[in-house]
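Enquirer: The structure that follows is given in the form of structure tokens.
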Amino acid sequence: MSVVISPFFHKASFTLSYVVHCQETLECAIIDPALDFDMYAGKLDNTFAEQLIDFVEAHSLKVKWIMETHAHADHVTAATYLKNKLGGKTACGSQVTSVQRTFKTLFNLPEFVDDGSQFDVLVNENDELVLGNSSFKVLETPGHTPDSVTYVINDKAFIGDTLFMPDSGTARCDFPDGSAAELYTSIQKIYALGDDTTLYMCHDYQPNQRDLAYCCTVAEQKCNNTHVFSGITAEDYAKIRENRDNSLKVPRLIYPALQLNIRAGQLPPPEASGQYFLKTPLTGVEHLALKN
Ligand SMILES: [Fe+2]
């Protein structure tokens, strides 16, 4: 019942996408696939997604699942692109509806349906997604976002944006309905998987130009994580996290990424000319007395 994990690094957003496949049946899941997006040109591109497709085809894999650990703010998901090319069902945490409600309001999208129906499957705590002779078990791990989930298969876990590699600490908690206290609780749940469980990160920012690293054990995190190490209290962690969040800039792609990611990577409707657009909500308007 062994699964093989193949990581793919999307350098532009420091994201790890994974292909997980069952050696016996060749069924596979693709986790957190990225689509390239040049914000300045407004250009979507499939260069990275095609690497995933090439791998799937070269190994004769059958795509069963295309899974999101959460609605990402730093890259556009390739979920729908890959589903159209390779088949499979898209899946994400059921609380994506909360993210959808937030951004439906922010972007003023009266026609947008915020019931999660853009995804084939919405998962909840303890749900199982069968993959060949194994299955992923779902843990709800909110804090970074309300819809964040971890997918556990055998002794491996895909933890999305909860922990990063130990030298990079944890994910930010200042997005809508994010919570450092909730992330602390979610991380304890991940630690309870057992010291030998291998955790697969969604990002690696390669601090101090170190080589790419994307997995480590629970034991290594408990010993070495710079934010959530053994013995730190929820209150002390929240202070560290909130101080750090106050110093962070808004992610470069948050507005374009969320408009596509709340749709599982489908485009918003085109305007009358046939052209597709993304919106940017402006701030600072009143401060500069520019309101008309
Ligand atoms: Fe994220």
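As shown in the structure tokens, the chain order sets the letters A, B, ...; within each chain, residues go from 1, and ligands are also counted from 1 in the order they appear.
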With only C-alpha atoms and all ligand atoms counted and 6 Å as the cut-off, give the residues of chain A in contact with ligand 1, each with its shortest interatomic distance in Å and the pair that gives it, as CSV.
Expert:
residue,atom,partner,partner_atom_place_in_ligand_line,distance
A:His72,CA,ligand 1,1 (Fe),4.5
A:Ala73,CA,ligand 1,1 (Fe),5.6
A:Asp161,CA,ligand 1,1 (Fe),5.2
Enquirer: Contacts of A:Tyr205 at 12 Å or less, counting only C-alpha atoms, minus same-chain residues fewer than 4 places along, as a list in words?
Expert: Phe9, His10, Lys11, Ala12, Ser13, Phe14, Thr15, Leu16, Phe164, Met165, Pro166, Asp167, Ser168, Gly169, Thr170, Ala171, Met201, Gln209, Arg210, Asp211, Leu212, Ala213 and Tyr214 of chain A
Enquirer: Closest to A:Ile262 among A:His227, A:Lys89, A:His287, A:His70, using only C-alpha atoms?
Expert: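 With only C-alpha atoms as the atom set, the closest residue is A:His70.
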Enquirer: Step one, run DSSP on the backbone; step two, keep only residues of stretch 3-234 of chain A assigned to alpha helix (DSSP H); then write them as a PyMOL selection string.
Expert: chain A and resi 47-58+79-86+96-106+180-191+218-224+234
Enquirer: Run DSSP on the backbone and give me the residues of stretch 62-181 of chain A it puts in strand (DSSP E), as a ChimeraX atom specification.
Expert: /A:62-67,76-77,89-93,121-123,128-131,134-140,149-153,156-158
Enquirer: For the residues selected in the previous step, produce a file with C-alpha atoms as a CSV table (one decimal), in the first residue's frame.
Expert:
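Output file selection-v3.csv follows:
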chain,number,residue,atom,x,y,z
A,62,LYS,CA,-4.8,8.1,-13.8
A,63,VAL,CA,-5.8,11.3,-12.1
A,64,LYS,CA,-8.4,10.7,-9.5
A,65,TRP,CA,-8.2,13.8,-7.4
A,66,ILE,CA,-7.0,17.4,-7.8
A,67,MET,CA,-6.9,18.7,-4.2
A,76,VAL,CA,-3.5,30.9,-9.2
A,77,THR,CA,-4.7,27.3,-9.0
A,89,LYS,CA,-12.3,15.5,-9.4
A,90,THR,CA,-11.4,18.7,-7.7
A,91,ALA,CA,-11.6,18.8,-3.9
A,92,CYS,CA,-11.1,21.4,-1.1
A,93,GLY,CA,-12.3,22.1,2.4
A,121,VAL,CA,-16.1,17.5,-3.6
A,122,LEU,CA,-16.1,19.6,-0.4
A,123,VAL,CA,-14.3,17.8,2.4
A,128,GLU,CA,-11.7,9.9,3.3
A,129,LEU,CA,-10.6,10.3,-0.3
A,130,VAL,CA,-9.7,6.9,-1.6
A,131,LEU,CA,-6.5,6.7,-3.8
A,134,SER,CA,-4.7,3.8,0.3
A,135,SER,CA,-6.8,6.8,1.2
A,136,PHE,CA,-6.3,10.4,2.3
A,137,LYS,CA,-7.9,11.3,5.6
A,138,VAL,CA,-9.0,14.9,6.0
A,139,LEU,CA,-8.0,17.0,9.1
A,140,GLU,CA,-9.5,20.5,9.3
A,149,VAL,CA,-7.3,21.3,5.5
A,150,THR,CA,-4.5,18.7,5.8
A,151,TYR,CA,-4.6,15.5,3.8
A,152,VAL,CA,-3.0,12.5,5.6
A,153,ILE,CA,-2.1,9.3,3.7
A,156,LYS,CA,2.6,11.3,5.3
A,157,ALA,CA,0.6,14.5,5.6
A,158,PHE,CA,0.2,17.4,3.2
Enquirer: Quick one: contact table of stretch 16-56 of chain A to stretch 238-259 of chain A, 12 Å max, nearest atom pair and distance in Å to one decimal per residue, counting only C-alpha atoms, chain and number order, as a Markdown table?
Expert:
| residue | atom | partner | partner_atom | distance |
| --- | --- | --- | --- | --- |
| A:Ala34 | CA | A:Ala257 | CA | 10.4 |
| A:Leu35 | CA | A:Ala257 | CA | 9.9 |
| A:Asp36 | CA | A:Ala257 | CA | 10.6 |
| A:Phe37 | CA | A:Leu253 | CA | 8.8 |
| A:Asp38 | CA | A:Leu253 | CA | 9.5 |
| A:Met39 | CA | A:Leu253 | CA | 7.4 |
| A:Tyr40 | CA | A:Leu253 | CA | 10.6 |
| A:Gly42 | CA | A:Pro256 | CA | 9.2 |
| A:Lys43 | CA | A:Pro256 | CA | 11.1 |
| A:Leu44 | CA | A:Pro256 | CA | 10.7 |
Enquirer: Write out the residues from the selection above, keeping all heavy atoms, as a short mmCIF file (atom, residue, chain, number, x, y, z; two decimals), in the first residue's frame.
Expert:
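out.cif, freshly written:
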data_model
loop_
_atom_site.label_atom_id
_atom_site.label_comp_id
_atom_site.auth_asym_id
_atom_site.auth_seq_id
_atom_site.Cartn_x
_atom_site.Cartn_y
_atom_site.Cartn_z
N ALA A 34 -0.16 24.73 -9.39
CA ALA A 34 -0.08 26.17 -9.69
C ALA A 34 -0.19 26.42 -11.20
O ALA A 34 0.28 25.62 -12.02
CB ALA A 34 1.24 26.73 -9.18
N LEU A 35 -0.82 27.53 -11.51
CA LEU A 35 -0.86 28.03 -12.88
C LEU A 35 0.00 29.29 -12.90
O LEU A 35 -0.04 30.08 -11.96
CB LEU A 35 -2.31 28.37 -13.25
CG LEU A 35 -2.67 28.52 -14.72
CD1 LEU A 35 -2.52 27.19 -15.47
CD2 LEU A 35 -4.11 29.01 -14.87
N ASP A 36 0.77 29.48 -13.96
CA ASP A 36 1.60 30.69 -14.03
C ASP A 36 0.73 31.90 -14.32
O ASP A 36 -0.23 31.83 -15.09
CB ASP A 36 2.65 30.53 -15.14
CG ASP A 36 3.59 29.38 -14.87
OD1 ASP A 36 4.31 29.44 -13.86
OD2 ASP A 36 3.57 28.42 -15.65
N PHE A 37 1.10 33.02 -13.70
CA PHE A 37 0.37 34.26 -13.95
C PHE A 37 1.33 35.44 -13.90
O PHE A 37 1.99 35.66 -12.88
CB PHE A 37 -0.74 34.45 -12.91
CG PHE A 37 -1.53 35.71 -13.11
CD1 PHE A 37 -2.27 35.89 -14.28
CD2 PHE A 37 -1.55 36.71 -12.15
CE1 PHE A 37 -3.01 37.05 -14.48
CE2 PHE A 37 -2.28 37.88 -12.34
CZ PHE A 37 -3.02 38.05 -13.51
N ASP A 38 1.41 36.15 -14.99
CA ASP A 38 2.21 37.38 -15.06
C ASP A 38 1.26 38.54 -14.77
O ASP A 38 0.45 38.92 -15.62
CB ASP A 38 2.84 37.51 -16.45
CG ASP A 38 3.66 38.79 -16.62
OD1 ASP A 38 3.44 39.75 -15.85
OD2 ASP A 38 4.49 38.83 -17.53
N MET A 39 1.35 39.06 -13.56
CA MET A 39 0.40 40.08 -13.12
C MET A 39 0.48 41.34 -13.98
O MET A 39 -0.52 41.99 -14.26
CB MET A 39 0.70 40.44 -11.67
CG MET A 39 -0.25 41.42 -11.06
SD MET A 39 0.09 41.64 -9.31
CE MET A 39 1.67 42.47 -9.37
N TYR A 40 1.69 41.70 -14.41
CA TYR A 40 1.86 42.96 -15.14
C TYR A 40 1.26 42.86 -16.54
O TYR A 40 0.69 43.81 -17.06
CB TYR A 40 3.35 43.34 -15.20
CG TYR A 40 3.94 43.42 -13.82
CD1 TYR A 40 4.86 42.47 -13.37
CD2 TYR A 40 3.53 44.41 -12.93
CE1 TYR A 40 5.37 42.53 -12.09
CE2 TYR A 40 4.03 44.47 -11.64
CZ TYR A 40 4.95 43.53 -11.22
OH TYR A 40 5.44 43.58 -9.95
N GLY A 42 -1.07 40.58 -17.25
CA GLY A 42 -2.39 39.94 -17.16
C GLY A 42 -2.42 38.61 -17.90
O GLY A 42 -3.45 38.20 -18.41
N LYS A 43 -1.27 37.92 -17.92
CA LYS A 43 -1.17 36.72 -18.77
C LYS A 43 -1.10 35.44 -17.94
O LYS A 43 -0.21 35.26 -17.11
CB LYS A 43 0.10 36.83 -19.64
CG LYS A 43 0.25 35.70 -20.65
CD LYS A 43 1.36 36.02 -21.65
CE LYS A 43 1.35 35.03 -22.79
NZ LYS A 43 2.06 33.84 -22.54
N LEU A 44 -2.07 34.57 -18.20
CA LEU A 44 -2.04 33.22 -17.62
C LEU A 44 -1.23 32.32 -18.52
O LEU A 44 -1.24 32.48 -19.74
CB LEU A 44 -3.48 32.69 -17.50
CG LEU A 44 -4.37 33.44 -16.50
CD1 LEU A 44 -5.84 33.18 -16.79
CD2 LEU A 44 -4.01 33.05 -15.07
#
Enquirer: Just give me the gap between atom CA of A:Val56 and atom CA of A:Asn133 in Å, one decimal is fine.
Expert: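 About the pair atom CA of A:Val56 and atom CA of A:Asn133: they are 18.3 Å apart.
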Enquirer: How far is it from atom CA of A:His203 to atom CA of A:Ser94, in Å with one decimal?
Expert: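 Between these atoms lies a distance of 22.2 Å.
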Enquirer: Quote the spacing between atom CA of A:Pro176 and atom CA of A:Asp204 in Å to one decimal place.
Expert: 22.8 Å
Enquirer: Of the residues A:Leu290, A:Leu26, A:Ala79, A:Ala71, which is the one nearest to A:Glu57, using only C-alpha atoms?
Expert: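 Of all the options, A:Leu26 lies closest to A:Glu57.
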